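J.: Here it is: the structure, laid out below.
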Amino acid sequence: MRMLDVKDLHVSYGAIKALRGVNFHVDEGEIVALIGSNGAGKTTTLRTISGLERARQGEILFKGENICHTAPDKIVQMGITHVPEGRRVFTNLTVLGNLKMAASIRKDKDGIKRDMDAVFDRFPRLKERMNQPALTLSGGEQQMLAVGRAMVTGGELIMMDEPSMGLAPMIVEEIFHVIEEMHKAGKTILLVEQNAMMALKYADRAYLYEIGEVRLEGTAKDMLNDPVVKETYLGA
Amino acid sequence: MENFLQLLVYGLQLGSVYALLAIGYTMVFGIIKMINMAHCDFLMMGCYIVFFMVSIFFGDQMIGPAVALLVVLVGSSIIGGVGVGIERIAYKPLRNRPTIMCMISAIGVSTFTQNLFRALPFIGPTPRSFPKLIQDFTITVGPVQISFARIVTVAIAIVIMLILWFVVQRTKIGMHMRAVSNDKDASSLMGVNINRVISITFFIGAFLAAVSGCLYATSYTVIQPTMATTLGNKAFIAAVVGGIGDIRGAVLGGFVIGVVEILVTSVWSDLAYGFLFLVLVIILLLKPEGLLGKPMTEKV
């Protein structure tokens, strides 16, 4: 089933055109990666899907429904969870407070408790720091918390923006393992990464962005072997 | 010494008014990073709405303390609603613009409101006398004579601040407010309706300002459309002294400014207002983020 369908998406910041007619789709159960260099429009794409930016033209269909004019909080309730670039944890709240925020849209107390326990089992470091302000966490721990929040919010489609940014390789591996686990648990994943190698290792399909447009698309395997991708983005 | 204690009580009473008013400045700043230049006008509106409620429903008769409190709370809630409306009309459309535009819009709101009130035939520019809400008498503790009304106003202010503290720290909506003040986009992504949280913040701010107006007018009974400007400036100083964005700071700053003002007034009354700015400058030189504020860090 088609989970997300982005058609001819145009987004501008003032006079600057960030997206110039982007088309892509994500099917249920897939991991899809958006790769490409800095400033190509990957983050803008995710922010527009979440309703934080407004499309100037085009359509975003989530399970067949156009969400271009839907408010961000409604989009979350519909089942799209977005782990933003730069983690964006609430530094003035505790680790537990951050997870409670992630549970804002949920009413099932038992389920919330179960999912929070799952986060603490998966990231014991967060459990140790449960009552500390998120400000005191390291970058890696903040990313764990950001992913933990997504586990608690629990939408069907999880969008991850640069989960590897600025992290030590070991922590990157750990984060990607969790993404894989979420995928196995039935989530659909839309992944934005500059670390193309890492993204293509886990993704089913990928789209290569270049200055506001999709330049290439294909299965992750084909992308890994594509000469352009290889030379420009994989450094081979 | 007796004189000092006496003045301290006066200072705490005026301070509680500043504190309630400063909380509104600080909360609005915390959540949309804008100084609401029209905030003090909610104080004036609070005085007028209670004035009219009392004169329409009770005439000249004395009302009991419970009824008086009810009138103040109902009137202030209406002003809270006015605050929500003003945010919707004058600030929300400018939310994604530089905050200076919002501030200019706020100055417009303030000028408009004050002049509208002066122009309305049933309000007008002439000062009016705020109704007596509490039967005042003097309590003598040792050498100190304290007006009962002043103690009541301080007590009410403190109770309200404790309730607010509980709401912000312990309830879900309080957590949402703290989250939105920290990161609006991230809050949206957690499914929080930002507009609702901002509306609630404006409601609380305007409500507290209206209450503070009634508490003020209980002791300083002259009310007029322009009465709030100076009070607002002092409360704003209080918010900055305490550390803008921090509710505890606003409370502390309010009491500090209130007590300092009364003490200086007792020595040389012409100097008091100016002296407050001196306090502001000294504190900002020593601790630029205010007494309880945290240094602001630019996000990278």
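Each chain of the structure tokens is named A, B, ... in the order shown, its residues numbered from 1; ligands are numbered from 1 in display order.
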Can you work out which residues from chain A touch chain B at a cut-off of 10 Å (counting only C-alpha atoms) and hand them back as JSON, numbers by chain?
T.: {"A": [47, 50, 51, 52, 71, 72, 73, 74, 75, 76, 77, 78, 80, 81, 82, 83, 84, 86, 87, 88, 89, 90, 91, 92, 93, 97, 98, 99, 100, 101, 102, 103, 104, 105, 106, 149, 150, 152, 153]}
J.: Quick one: residues within 6 Å of Asp204 (chain A), only C-alpha atoms, excluding same-chain residues fewer than 3 positions away - as a PyMOL selection string?
T.: chain A and resi 31-32+219-220
J.: Would you please work out which residue, of A:Asp5, A:Met130, A:Gly148, A:Gly139, is nearest to Asp115 (chain A) when using only C-alpha atoms?
T.: A:Gly148
J.: For region 157-163 of chain B, work out the shell of residues within 8 Å, counting only C-alpha atoms and skipping chain neighbours fewer than 2 positions away, then give it as a list in words.
T.: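 These residues fall inside the cut-off: Ser16, Val17, Leu20, Thr153, Val154, Ala155, Trp165, Phe166, Val167 and Ser212 of chain B.
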J.: Would you mind telling me which residue in B:Ile262, B:Leu285, B:Val84, B:Val54 lies nearest to Ile204 (chain B) when using only C-alpha atoms?
T.: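 Closest candidate: B:Val84.
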